[in-house]
>>> print(open('target.txt').read())   # compact mmCIF, C-alpha atoms and all ligand atoms
# COMPACT_ATOMS: atom_id res chain seq x y z
CA MET A 143 165.42 77.35 139.07
CA THR A 144 166.82 74.24 137.43
CA VAL A 145 165.13 72.40 134.63
CA HIS A 146 164.75 68.64 135.02
CA GLY A 147 164.61 66.21 132.13
CA HIS A 148 162.90 62.82 132.01
CA LYS A 149 164.14 59.59 130.49
CA GLY A 150 161.90 56.96 128.89
CA PHE A 151 159.46 59.35 127.19
CA LYS A 152 157.91 58.05 123.98
CA PHE A 153 156.88 60.66 121.40
CA GLN A 154 154.31 59.87 118.70
CA ASN A 155 152.93 62.29 116.16
CA TRP A 156 149.17 62.85 115.88
CA ALA A 157 148.62 60.26 113.13
CA LYS A 158 150.89 57.76 114.95
CA THR A 159 152.86 57.36 111.75
CA TYR A 160 156.18 58.37 113.34
CA GLY A 161 157.54 58.25 116.85
CA CYS A 162 160.81 58.29 118.75
CA TYR A 163 162.40 57.81 122.16
CA PRO A 164 164.29 60.99 123.02
CA GLU A 165 167.21 60.50 125.37
CA MET A 166 165.82 63.25 127.62
CA TYR A 167 162.46 65.04 127.58
CA PHE A 168 162.13 68.57 128.98
CA GLN A 169 159.13 70.82 129.65
CA PRO A 170 160.67 74.21 130.47
CA THR A 171 158.53 76.94 131.98
CA CYS A 172 160.69 79.98 131.13
CA VAL A 173 163.48 81.18 128.84
CA GLU A 174 166.13 80.55 131.50
CA GLU A 175 165.16 76.87 131.64
CA VAL A 176 165.28 76.56 127.85
CA ARG A 177 168.75 78.08 127.96
CA GLN A 178 169.79 75.49 130.55
CA VAL A 179 168.73 72.68 128.21
CA LEU A 180 170.79 74.20 125.39
CA ASP A 181 173.80 74.63 127.73
CA LEU A 182 173.55 70.95 128.68
CA ALA A 183 173.17 69.93 125.03
CA ARG A 184 176.29 71.94 124.10
CA GLN A 185 178.31 70.41 126.95
CA GLN A 186 177.25 66.87 126.08
CA ASN A 187 177.24 67.35 122.30
CA LYS A 188 173.55 66.40 122.00
CA ARG A 189 171.01 67.29 119.38
CA VAL A 190 167.83 69.14 120.37
CA LYS A 191 164.33 69.09 118.90
CA VAL A 192 161.44 71.24 120.00
CA ILE A 193 157.91 69.95 119.60
CA GLY A 194 154.72 71.93 119.50
CA GLY A 195 151.43 70.10 119.05
CA GLY A 196 153.14 67.07 117.43
CA HIS A 197 150.74 67.26 114.49
CA SER A 198 153.25 67.10 111.66
CA PRO A 199 152.48 63.95 109.68
CA SER A 200 156.21 63.47 108.86
CA ASP A 201 159.14 62.74 111.21
CA ILE A 202 160.21 66.42 111.26
CA ALA A 203 159.72 66.64 115.04
CA CYS A 204 161.46 63.36 115.93
CA THR A 205 164.80 63.00 117.72
CA ASP A 206 166.82 60.53 119.76
CA GLY A 207 168.59 63.46 121.46
CA PHE A 208 166.97 66.05 123.74
CA MET A 209 163.31 66.88 123.15
CA ILE A 210 161.80 70.12 124.41
CA HIS A 211 158.02 70.40 124.73
CA MET A 212 156.97 74.07 124.78
CA GLY A 213 153.48 73.51 126.24
CA LYS A 214 154.29 75.34 129.49
CA MET A 215 155.47 78.42 127.60
CA ASN A 216 152.06 79.37 126.32
CA ARG A 217 151.18 82.79 127.77
CA ILE A 218 149.75 85.81 126.04
CA LEU A 219 152.39 88.48 126.64
CA LYS A 220 150.81 91.58 125.15
CA VAL A 221 147.67 92.67 123.33
CA ASP A 222 147.98 95.96 121.43
CA LYS A 223 144.38 96.78 120.59
CA ALA A 224 145.25 99.91 118.62
CA LYS A 225 147.57 98.03 116.27
CA ARG A 226 145.50 94.84 116.53
CA GLN A 227 148.64 92.89 117.37
CA VAL A 228 149.19 90.16 119.93
CA THR A 229 152.49 88.85 121.29
CA VAL A 230 152.50 85.29 122.62
CA GLU A 231 154.88 82.68 123.93
CA ALA A 232 155.58 80.32 121.06
CA GLY A 233 154.14 77.19 122.72
CA ILE A 234 150.58 78.53 122.84
CA LEU A 235 147.98 76.38 121.09
CA LEU A 236 146.00 78.27 118.46
CA MET A 237 142.77 77.05 120.11
CA ASP A 238 143.78 78.94 123.28
CA LEU A 239 144.98 81.96 121.33
CA ASN A 240 141.67 82.14 119.45
CA VAL A 241 139.69 82.25 122.71
CA GLU A 242 141.89 85.04 124.11
CA LEU A 243 141.73 87.06 120.89
CA SER A 244 137.96 86.76 120.89
CA LYS A 245 137.84 88.43 124.32
CA HIS A 246 139.48 91.48 122.69
CA GLY A 247 137.30 91.42 119.57
CA LEU A 248 140.24 90.18 117.50
CA ALA A 249 141.00 87.15 115.34
CA LEU A 250 143.62 85.72 113.02
CA SER A 251 142.56 86.32 109.42
CA ASN A 252 143.23 82.72 108.42
CA LEU A 253 143.75 79.42 110.24
CA GLY A 254 144.59 75.84 109.25
CA ALA A 255 142.14 72.95 109.49
CA VAL A 256 142.92 72.24 113.17
CA SER A 257 143.80 74.43 116.11
CA ASP A 258 145.44 72.06 118.62
CA VAL A 259 148.73 73.11 117.06
CA THR A 260 151.16 75.73 118.37
CA ALA A 261 152.08 79.20 117.14
CA ALA A 262 155.70 78.17 116.49
CA GLY A 263 154.71 74.79 115.05
CA VAL A 264 152.41 76.19 112.38
CA ILE A 265 154.98 78.66 111.15
CA GLY A 266 157.66 75.95 111.33
CA THR A 267 156.25 73.97 108.44
CA GLY A 268 154.32 76.56 106.44
CA THR A 269 150.79 75.73 107.58
CA HIS A 270 148.19 77.25 105.25
CA ASN A 271 144.51 77.19 104.51
CA THR A 272 142.71 78.67 101.56
CA GLY A 273 141.89 82.08 100.04
CA ILE A 274 143.92 83.55 97.21
CA LYS A 275 144.11 86.88 99.07
CA HIS A 276 145.55 85.11 102.13
CA GLY A 277 149.10 83.86 102.56
CA ILE A 278 150.32 80.91 104.61
CA LEU A 279 149.70 81.48 108.35
CA ALA A 280 153.24 82.83 108.84
CA THR A 281 152.41 85.87 106.72
CA GLN A 282 150.39 87.10 109.71
CA VAL A 283 153.55 87.24 111.85
CA VAL A 284 155.13 90.69 112.28
CA ALA A 285 157.91 89.86 114.74
CA LEU A 286 159.46 86.95 116.63
CA THR A 287 162.33 86.13 118.97
CA LEU A 288 164.71 83.26 118.42
CA LEU A 289 167.06 81.57 120.90
CA THR A 290 170.01 80.29 118.90
CA ALA A 291 172.31 77.31 119.50
CA SER A 292 174.88 79.62 121.13
CA GLY A 293 172.29 80.86 123.67
CA THR A 294 171.80 84.29 122.07
CA ILE A 295 168.31 85.78 121.74
CA ILE A 296 167.68 87.55 118.43
CA GLU A 297 164.67 89.74 117.73
CA CYS A 298 163.47 89.71 114.13
CA SER A 299 160.95 91.66 112.13
CA GLU A 300 160.80 93.33 108.74
CA THR A 301 162.91 96.17 110.12
CA ASN A 302 165.12 94.22 112.53
CA ASN A 303 167.31 91.38 111.18
CA ALA A 304 165.08 91.34 108.12
CA GLU A 305 166.81 88.46 106.24
CA LEU A 306 166.70 86.23 109.32
CA PHE A 307 163.04 87.17 109.74
CA LYS A 308 162.27 85.97 106.21
CA ALA A 309 164.02 82.68 107.02
CA SER A 310 162.47 82.23 110.48
CA LEU A 311 158.91 82.55 109.17
CA LEU A 312 159.32 79.03 107.84
CA HIS A 313 162.04 77.73 110.14
CA LEU A 314 161.63 73.94 109.99
CA GLY A 315 162.74 73.91 113.63
CA CYS A 316 166.37 74.19 112.51
CA LEU A 317 167.33 77.84 113.15
CA GLY A 318 166.92 77.83 116.91
CA ILE A 319 164.08 77.87 119.40
CA ILE A 320 161.27 80.31 118.71
CA LEU A 321 160.39 81.94 122.03
CA THR A 322 157.80 84.58 121.19
CA ILE A 323 155.70 85.55 118.18
CA THR A 324 153.78 88.74 117.41
CA PHE A 325 150.78 88.27 115.12
CA GLN A 326 148.97 90.93 113.14
CA CYS A 327 145.29 90.29 113.84
CA VAL A 328 142.07 91.60 112.33
CA ALA A 329 138.73 92.53 113.85
CA GLN A 330 136.84 89.40 114.88
CA PHE A 331 134.55 88.11 112.14
CA HIS A 332 132.14 85.31 111.34
CA LEU A 333 132.17 83.16 108.24
CA GLN A 334 129.25 81.67 106.41
CA GLU A 335 129.88 78.45 104.52
CA THR A 336 128.04 77.52 101.35
CA SER A 337 128.77 74.30 99.53
CA PHE A 338 127.31 72.90 96.34
CA PRO A 339 128.01 70.05 93.92
CA SER A 340 129.78 70.60 90.62
CA THR A 341 132.07 68.79 88.19
CA LEU A 342 135.82 68.85 87.77
CA LYS A 343 135.43 70.32 84.27
CA GLU A 344 133.18 73.14 85.44
CA VAL A 345 135.46 74.11 88.33
CA LEU A 346 138.64 74.03 86.28
CA ASP A 347 137.05 75.93 83.38
CA ASN A 348 135.78 78.63 85.77
CA LEU A 349 138.58 78.71 88.32
CA ASP A 350 139.10 82.48 88.13
CA ASN A 351 135.40 83.09 88.71
CA HIS A 352 135.33 80.87 91.77
CA LEU A 353 138.44 82.56 93.13
CA LYS A 354 136.84 85.98 92.69
CA LYS A 355 133.46 84.93 94.06
CA SER A 356 134.56 83.68 97.47
CA GLU A 357 137.28 84.91 99.83
CA TYR A 358 137.98 81.42 101.18
CA PHE A 359 137.21 79.22 98.16
CA ARG A 360 138.28 75.59 98.07
CA PHE A 361 136.99 72.43 96.46
CA LEU A 362 137.02 68.68 97.01
CA TRP A 363 137.40 66.44 94.00
CA PHE A 364 136.13 62.88 94.43
CA PRO A 365 138.68 60.70 92.61
CA HIS A 366 137.42 57.96 90.28
CA SER A 367 134.62 60.37 89.30
CA GLU A 368 133.91 63.82 87.82
CA ASN A 369 132.25 64.93 91.07
CA VAL A 370 133.36 67.99 92.93
CA SER A 371 132.09 69.71 96.04
CA VAL A 372 132.67 73.47 95.90
CA ILE A 373 133.01 75.21 99.26
CA TYR A 374 132.74 78.98 99.68
CA GLN A 375 133.39 80.69 103.01
CA ASP A 376 132.75 84.42 103.31
CA HIS A 377 132.33 87.10 105.93
CA THR A 378 128.80 87.44 107.31
CA ASN A 379 126.98 89.60 109.84
CA LYS A 380 124.61 86.77 110.68
CA PRO A 381 124.89 85.37 114.22
CA PRO A 382 126.91 82.16 114.50
CA THR A 383 125.25 78.76 114.60
CA SER A 384 126.97 75.74 116.14
CA ALA A 385 129.19 73.88 113.71
CA ALA A 386 130.87 70.90 115.28
CA SER A 387 133.72 69.39 113.31
CA TRP A 388 133.11 65.65 113.38
CA PHE A 389 135.70 64.66 110.85
CA TRP A 390 138.92 65.05 112.79
CA ASP A 391 137.39 63.75 116.01
CA TYR A 392 136.44 60.44 114.49
CA ALA A 393 139.27 59.96 112.04
CA ILE A 394 141.28 56.92 113.04
CA GLY A 395 144.63 57.91 111.70
CA PHE A 396 145.78 58.67 108.22
CA HIS A 397 148.75 59.54 106.12
CA LEU A 398 148.72 62.90 104.47
CA LEU A 399 150.57 63.80 101.35
CA GLU A 400 150.40 67.27 99.95
CA PHE A 401 152.26 68.94 97.13
CA LEU A 402 151.38 72.23 95.59
CA LEU A 403 151.80 74.01 92.33
CA TRP A 404 151.12 77.27 90.60
CA VAL A 405 147.57 78.41 90.40
CA SER A 406 146.50 78.91 86.73
CA GLU A 407 146.26 76.31 84.02
CA LYS A 408 148.69 74.04 85.93
CA THR A 409 146.01 73.28 88.52
CA GLY A 410 143.94 71.75 85.76
CA GLU A 411 146.91 70.00 84.16
CA ALA A 412 147.86 68.29 87.42
CA LEU A 413 144.32 67.23 88.37
CA ARG A 414 143.52 65.93 84.89
CA GLU A 415 146.76 63.91 84.86
CA LEU A 416 145.94 62.50 88.28
CA LYS A 417 142.47 61.52 87.04
CA THR A 418 143.92 59.85 83.94
CA MET A 419 146.48 57.99 86.04
CA LEU A 420 143.69 56.60 88.28
CA GLU A 421 141.59 55.63 85.24
CA ASN A 422 144.56 53.82 83.68
CA ASN A 423 145.49 52.02 86.91
CA PRO A 424 142.34 50.46 88.40
CA ASN A 425 144.41 48.85 91.16
CA VAL A 426 145.36 52.25 92.52
CA VAL A 427 142.58 53.35 94.86
CA ALA A 428 142.10 56.83 96.29
CA HIS A 429 140.27 56.66 99.62
CA PHE A 430 139.31 60.21 100.14
CA PRO A 431 138.55 63.40 98.18
CA VAL A 432 141.49 65.44 96.94
CA GLU A 433 141.30 68.80 98.70
CA VAL A 434 142.30 71.76 96.53
CA ARG A 435 143.12 75.08 98.22
CA PHE A 436 144.55 78.41 97.03
CA VAL A 437 147.12 80.63 98.73
CA LYS A 438 148.67 84.01 98.01
CA GLY A 439 152.39 84.26 97.17
CA ASP A 440 154.91 85.65 99.68
CA ASN A 441 158.62 86.36 100.22
CA ILE A 442 159.42 83.83 102.94
CA LEU A 443 162.61 82.03 101.88
CA LEU A 444 161.37 78.44 102.16
CA SER A 445 157.67 79.09 101.69
CA PRO A 446 156.10 76.78 99.12
CA CYS A 447 154.32 79.95 97.94
CA PHE A 448 157.61 81.88 97.55
CA GLN A 449 156.97 84.55 94.92
CA ARG A 450 153.95 82.82 93.41
CA ASP A 451 150.26 82.49 94.11
CA SER A 452 149.77 78.77 94.59
CA CYS A 453 147.32 75.94 94.60
CA TYR A 454 147.67 73.14 97.15
CA MET A 455 146.43 69.65 96.33
CA ASN A 456 146.09 67.41 99.34
CA ILE A 457 145.80 63.66 98.82
CA ILE A 458 144.80 61.66 101.85
CA ILE A 459 144.94 57.96 102.61
CA TYR A 460 143.10 56.33 105.47
CA ARG A 461 145.30 54.19 107.60
CA PRO A 462 143.81 52.57 110.70
CA TYR A 463 146.22 52.99 113.62
CA GLY A 464 149.01 50.45 113.52
CA LYS A 465 148.08 49.04 110.10
CA ASP A 466 150.08 49.47 106.95
CA ILE A 467 148.08 49.74 103.75
CA PRO A 468 149.23 49.95 100.13
CA ARG A 469 149.75 53.58 99.23
CA LEU A 470 153.04 53.96 97.38
CA ASP A 471 151.62 53.51 93.85
CA TYR A 472 149.21 56.41 94.39
CA TRP A 473 151.74 58.60 96.17
CA LEU A 474 154.62 58.13 93.78
CA ALA A 475 152.42 58.66 90.69
CA TYR A 476 151.08 61.84 92.30
CA GLU A 477 154.57 63.03 93.18
CA ARG A 478 155.78 62.44 89.60
CA ILE A 479 152.93 64.62 88.29
CA MET A 480 153.59 67.36 90.83
CA LYS A 481 157.29 67.51 90.08
CA LYS A 482 156.53 67.70 86.36
CA VAL A 483 154.27 70.75 86.80
CA GLY A 484 156.69 72.56 89.10
CA GLY A 485 155.15 71.64 92.47
CA ARG A 486 156.77 72.07 95.86
CA PRO A 487 155.91 69.65 98.72
CA HIS A 488 154.34 70.67 102.03
CA TRP A 489 157.17 70.67 104.60
CA ALA A 490 155.20 68.76 107.25
CA LYS A 491 154.04 65.95 105.00
CA ALA A 492 155.29 62.91 103.15
CA HIS A 493 157.52 63.32 100.09
CA THR A 494 160.69 61.81 98.69
CA CYS A 495 162.50 65.08 97.85
CA THR A 496 166.11 65.71 98.83
CA ARG A 497 168.48 68.68 98.78
CA THR A 498 168.99 68.44 95.00
CA ASP A 499 165.22 68.84 94.48
CA PHE A 500 164.91 71.72 96.94
CA GLU A 501 167.81 73.59 95.32
CA LYS A 502 165.84 73.54 92.06
CA MET A 503 162.48 74.35 93.66
CA TYR A 504 163.55 77.24 95.89
CA PRO A 505 165.47 80.23 94.47
CA SER A 506 166.48 81.17 98.05
CA PHE A 507 167.44 77.69 99.24
CA GLN A 508 171.18 78.52 99.42
CA LYS A 509 170.42 81.71 101.32
CA PHE A 510 168.44 79.74 103.92
CA CYS A 511 171.25 77.16 104.18
CA ALA A 512 173.84 79.90 104.77
CA ILE A 513 171.70 81.41 107.55
CA ARG A 514 171.17 77.99 109.15
CA GLU A 515 174.88 77.08 109.01
CA LYS A 516 175.85 80.40 110.57
CA LEU A 517 173.32 80.11 113.41
CA ASP A 518 173.80 76.41 114.05
CA PRO A 519 177.28 75.37 112.80
CA THR A 520 177.27 72.05 114.69
CA GLY A 521 173.78 71.01 113.55
CA MET A 522 172.31 70.98 117.07
CA PHE A 523 168.77 71.39 115.68
CA LEU A 524 169.02 68.78 112.90
CA ASN A 525 167.47 65.32 112.87
CA ALA A 526 167.18 62.50 110.33
CA CYS A 527 164.32 64.21 108.49
CA LEU A 528 166.20 67.50 108.11
CA GLU A 529 169.45 65.81 107.08
CA LYS A 530 167.63 64.73 103.91
CA VAL A 531 166.78 68.37 103.27
CA PHE A 532 170.21 69.85 103.93
CA TYR A 533 172.72 67.11 102.93
C1 LIG B 1 144.54 66.67 111.49
C2 LIG B 1 145.57 67.58 110.86
C3 LIG B 1 145.13 68.65 110.11
C4 LIG B 1 146.08 69.49 109.51
N1 LIG B 1 145.64 70.52 108.73
C5 LIG B 1 146.53 71.30 108.09
C6 LIG B 1 146.11 72.36 107.25
O1 LIG B 1 144.92 72.64 107.11
N2 LIG B 1 147.05 73.08 106.60
C7 LIG B 1 148.39 72.81 106.73
O2 LIG B 1 149.20 73.47 106.09
N3 LIG B 1 148.83 71.84 107.55
C8 LIG B 1 147.93 71.10 108.22
N4 LIG B 1 148.38 70.11 109.08
C9 LIG B 1 149.81 70.06 109.38
C10 LIG B 1 150.13 70.93 110.61
O3 LIG B 1 149.54 72.20 110.54
C11 LIG B 1 151.64 71.16 110.70
O4 LIG B 1 152.25 69.93 110.80
C12 LIG B 1 152.06 72.05 111.89
O5 LIG B 1 153.46 72.24 111.82
C13 LIG B 1 151.72 71.39 113.21
O6 LIG B 1 152.00 72.26 114.29
P1 LIG B 1 152.50 71.62 115.66
O7 LIG B 1 152.42 72.66 116.71
O8 LIG B 1 151.84 70.33 115.89
O9 LIG B 1 154.03 71.42 115.28
P2 LIG B 1 154.97 70.12 115.44
O10 LIG B 1 154.51 69.07 114.49
O11 LIG B 1 155.09 69.77 116.86
O12 LIG B 1 156.36 70.74 114.94
C14 LIG B 1 156.50 71.22 113.64
C15 LIG B 1 157.93 71.77 113.45
O13 LIG B 1 158.08 72.96 114.21
C16 LIG B 1 159.18 72.83 115.09
N5 LIG B 1 158.86 73.60 116.30
C17 LIG B 1 157.74 73.55 117.05
N6 LIG B 1 157.81 74.48 118.02
C18 LIG B 1 158.99 75.11 117.89
C19 LIG B 1 159.64 76.18 118.58
N7 LIG B 1 159.09 76.79 119.64
N8 LIG B 1 160.86 76.56 118.15
C20 LIG B 1 161.44 75.98 117.09
N9 LIG B 1 160.89 74.97 116.41
C21 LIG B 1 159.68 74.55 116.81
C22 LIG B 1 159.35 71.34 115.32
O14 LIG B 1 160.66 71.02 115.71
C23 LIG B 1 159.02 70.82 113.92
O15 LIG B 1 160.13 70.98 113.09
C24 LIG B 1 147.47 69.26 109.69
C25 LIG B 1 147.90 68.17 110.48
C26 LIG B 1 146.95 67.33 111.05
C27 LIG B 1 147.43 66.17 111.86
>>> encode(input="target.txt", output="structure tokens")
Amino acid sequence: MTVHGHKGFKFQNWAKTYGCYPEMYFQPTCVEEVRQVLDLARQQNKRVKVIGGGHSPSDIACTDGFMIHMGKMNRILKVDKAKRQVTVEAGILLMDLNVELSKHGLALSNLGAVSDVTAAGVIGTGTHNTGIKHGILATQVVALTLLTASGTIIECSETNNAELFKASLLHLGCLGIILTITFQCVAQFHLQETSFPSTLKEVLDNLDNHLKKSEYFRFLWFPHSENVSVIYQDHTNKPPTSAASWFWDYAIGFHLLEFLLWVSEKTGEALRELKTMLENNPNVVAHFPVEVRFVKGDNILLSPCFQRDSCYMNIIIYRPYGKDIPRLDYWLAYERIMKKVGGRPHWAKAHTCTRTDFEKMYPSFQKFCAIREKLDPTGMFLNACLEKVFY
């Protein structure tokens, strides 16, 4: 069994905002083939980047070295119904995992907005949704295996290589290749969504109430106005009705920028400042509602929610494919506000932060760097995007 690479492959992320031409493109079908790619990379002194669903809006998955697509390593390896745990190959798409879990009466307790993303990809960048009792998706992981630059396979969990586990749960694709993941699931459930109009003042004044009232509370603020749409999602015993998601299917490409900050009065401070900035700068136009979501704190070294319950504020700009549109005034003003209130950027999305910023934002940044340098001393898994993080 020998893995074959292809030349001339063009990679583009989902929003077509970044792309690259890897020197060689591989689609391994088993661990042995992944190992062969790493052996070749070591011999030829090449860099390696794994891609999952290619949904990251930034260039975090880009490389001009070797690219490994994990789509053929997507099997369910084990379902433990008693423990409600499932072990999967890391390239599985969540949409496929969800179908399989459903057959066993199981589900993940929280998912992101889309499911054509992979198990390893979502934990790679700290994918989250909303619900102050729910952490980022990686908090549902109880174990994983990692193939390191040297070709060693390491098993990690809270009881096995615990420090590496805490790093690998938000790995940025730079610690090695995630081969398998074990998720803690819950009994399958249905959600009922209720949404109603409100105002920014009402929501901010009553934030605690909203957070208590609904397990998966989020809201959309319509910039240039006071209008808010409050969205509650909660468990229900009612039978499901069809709910097609039209938004992502018809979107024609956009840039996403998302920072986050502490939940509490800082949510209000940041949103009010953003509103004032837009009122004072009529030339700066926000195209789309600001989505505000809430996530429970955790202990994952590079998690934006590290040791604090957090509020994510997602600003979105429409960008028809292939067209550049003015956005920097809005983005940079937003970023200034977020930095001022102690925000941390989403790892998959646009920001201008560098190592100096991350050292201040993350108490465990040095610890993560030490783990990365030990596992990957030659920087095999780095790329231009990650160099800005680590150098
Ligand atoms: C339409 C849309 C909606 C989104 N909604 C949300 C949302 O609700 N919440 C949110 O937080 N984010 C959201 N995102 C961002 C998205 O969840 C993240 O970018 C996620 O990382 C994408 O997963 P992926 O499988 O596409 O990973 P990719 O973008 O392919 O890769 C992400 C990172 O993981 C690494 N990687 C992938 N597989 C492996 C592996 N096996 N081993 C080692 N490294 C690996 C890559 O090298 C890269 O560094 C959204 C993005 C889009 C385009």
>>> residues_around(input="target.txt", residues="Phe359 of chain A", least_positions_apart="6", cutoff="6 Å", atoms="only C-alpha atoms", output="list in words")
Gly273, Ile373 and Tyr374 of chain A
>>> residues_near_ligand(input="target.txt", ligand="ligand LIG 1 (chain B)", cutoff="7 Å", atoms="all atoms listed in the file", output="number ranges by chain")
A: 156-157, 191-199, 202-203, 212, 232-233, 254-256, 259-271, 313-316, 318-321, 390, 490
>>> closest_residue(input="target.txt", among="A:Tyr163, A:Tyr463, A:Phe523, A:Phe208", to="His146 of chain A", atoms="only C-alpha atoms")
A:Phe208
>>> residues_near_point(input="target.txt", point="(160.4, 74.8, 136.1)", cutoff="7 Å", atoms="all atoms listed in the file", output="PyMOL selection string")
chain A and resi 143-145+170-171+175
>>> axis_aligned_box(input="target.txt", around="segment 186-202 of chain A", padding_each_side="5 Å", output="JSON")
{"center_x": 164.0, "center_y": 67.3, "center_z": 117.5, "size_x": 36.5, "size_y": 19.2, "size_z": 27.2}
>>> atom_distance(input="target.txt", atom1="atom CA of Ile323 of chain A", atom2="atom CA of Glu231 of chain A")
6.5 Å
>>> atom_distance(input="target.txt", atom1="atom CA of Glu400 of chain A", atom2="atom CA of Ile513 of chain A")
26.7 Å
>>> closest_atom_pairs(input="target.txt", of="segment 184-235 of chain A", to="segment 277-287 of chain A", cutoff="12 Å", atoms="all atoms listed in the file", output="JSON lines")
{"residue": "A:Lys225", "atom": "CA", "partner": "A:Val284", "partner_atom": "CA", "distance": 11.3}
{"residue": "A:Arg226", "atom": "CA", "partner": "A:Val284", "partner_atom": "CA", "distance": 11.3}
{"residue": "A:Gln227", "atom": "CA", "partner": "A:Val284", "partner_atom": "CA", "distance": 8.5}
{"residue": "A:Val228", "atom": "CA", "partner": "A:Val283", "partner_atom": "CA", "distance": 9.6}
{"residue": "A:Thr229", "atom": "CA", "partner": "A:Ala285", "partner_atom": "CA", "distance": 8.6}
{"residue": "A:Val230", "atom": "CA", "partner": "A:Leu286", "partner_atom": "CA", "distance": 9.3}
{"residue": "A:Glu231", "atom": "CA", "partner": "A:Thr287", "partner_atom": "CA", "distance": 9.6}
{"residue": "A:Ala232", "atom": "CA", "partner": "A:Leu286", "partner_atom": "CA", "distance": 8.9}
>>> residues_around(input="target.txt", residues="Met455 of chain A", least_positions_apart="3", cutoff="6 Å", atoms="all atoms listed in the file", output="number ranges by chain")
A: 400-402, 433-434
>>> residues_around(input="target.txt", residues="Gln154 of chain A", least_positions_apart="6", cutoff="9 Å", atoms="all atoms listed in the file", output="number ranges by chain")
A: 160-162, 196, 204
>>> residues_around(input="target.txt", residues="Pro365 of chain A", least_positions_apart="4", cutoff="9 Å", atoms="all atoms listed in the file", output="ChimeraX atom specification")
/A:369,416-417,420,427-432
>>> decode(input="target.txt", residues="segment 377-381 of chain A", atoms="all heavy atoms", output="PDB file, in the first residue's frame")
ATOM      1  N   HIS A 377     -35.089  22.324  24.467  1.00  0.00           N
ATOM      2  CA  HIS A 377     -35.522  20.934  24.265  1.00  0.00           C
ATOM      3  C   HIS A 377     -37.046  20.859  24.203  1.00  0.00           C
ATOM      4  O   HIS A 377     -37.739  21.590  24.919  1.00  0.00           O
ATOM      5  CB  HIS A 377     -35.026  20.053  25.409  1.00  0.00           C
ATOM      6  CG  HIS A 377     -33.549  19.813  25.329  1.00  0.00           C
ATOM      7  ND1 HIS A 377     -32.988  18.558  25.358  1.00  0.00           N
ATOM      8  CD2 HIS A 377     -32.519  20.667  25.205  1.00  0.00           C
ATOM      9  CE1 HIS A 377     -31.683  18.663  25.248  1.00  0.00           C
ATOM     10  NE2 HIS A 377     -31.368  19.935  25.167  1.00  0.00           N
ATOM     11  N   THR A 378     -37.554  19.975  23.337  1.00  0.00           N
ATOM     12  CA  THR A 378     -38.996  19.793  23.223  1.00  0.00           C
ATOM     13  C   THR A 378     -39.309  18.325  22.978  1.00  0.00           C
ATOM     14  O   THR A 378     -38.474  17.598  22.417  1.00  0.00           O
ATOM     15  CB  THR A 378     -39.581  20.631  22.068  1.00  0.00           C
ATOM     16  OG1 THR A 378     -40.978  20.401  22.009  1.00  0.00           O
ATOM     17  CG2 THR A 378     -38.980  20.261  20.733  1.00  0.00           C
ATOM     18  N   ASN A 379     -40.490  17.901  23.381  1.00  0.00           N
ATOM     19  CA  ASN A 379     -40.942  16.541  23.064  1.00  0.00           C
ATOM     20  C   ASN A 379     -41.798  16.524  21.807  1.00  0.00           C
ATOM     21  O   ASN A 379     -42.222  15.460  21.356  1.00  0.00           O
ATOM     22  CB  ASN A 379     -41.769  15.963  24.224  1.00  0.00           C
ATOM     23  CG  ASN A 379     -40.888  15.757  25.431  1.00  0.00           C
ATOM     24  OD1 ASN A 379     -39.701  15.426  25.278  1.00  0.00           O
ATOM     25  ND2 ASN A 379     -41.425  15.983  26.621  1.00  0.00           N
ATOM     26  N   LYS A 380     -42.062  17.715  21.275  1.00  0.00           N
ATOM     27  CA  LYS A 380     -42.909  17.774  20.073  1.00  0.00           C
ATOM     28  C   LYS A 380     -42.201  17.113  18.898  1.00  0.00           C
ATOM     29  O   LYS A 380     -40.970  17.183  18.812  1.00  0.00           O
ATOM     30  CB  LYS A 380     -43.203  19.235  19.710  1.00  0.00           C
ATOM     31  CG  LYS A 380     -44.145  19.913  20.676  1.00  0.00           C
ATOM     32  CD  LYS A 380     -44.438  21.303  20.162  1.00  0.00           C
ATOM     33  CE  LYS A 380     -45.088  22.163  21.228  1.00  0.00           C
ATOM     34  NZ  LYS A 380     -44.993  23.581  20.949  1.00  0.00           N
ATOM     35  N   PRO A 381     -42.958  16.513  17.974  1.00  0.00           N
ATOM     36  CA  PRO A 381     -42.306  15.896  16.807  1.00  0.00           C
ATOM     37  C   PRO A 381     -41.673  16.970  15.925  1.00  0.00           C
ATOM     38  O   PRO A 381     -42.150  18.115  15.893  1.00  0.00           O
ATOM     39  CB  PRO A 381     -43.469  15.204  16.079  1.00  0.00           C
ATOM     40  CG  PRO A 381     -44.705  15.846  16.596  1.00  0.00           C
ATOM     41  CD  PRO A 381     -44.414  16.381  17.962  1.00  0.00           C
TER      42      PRO A 381
END
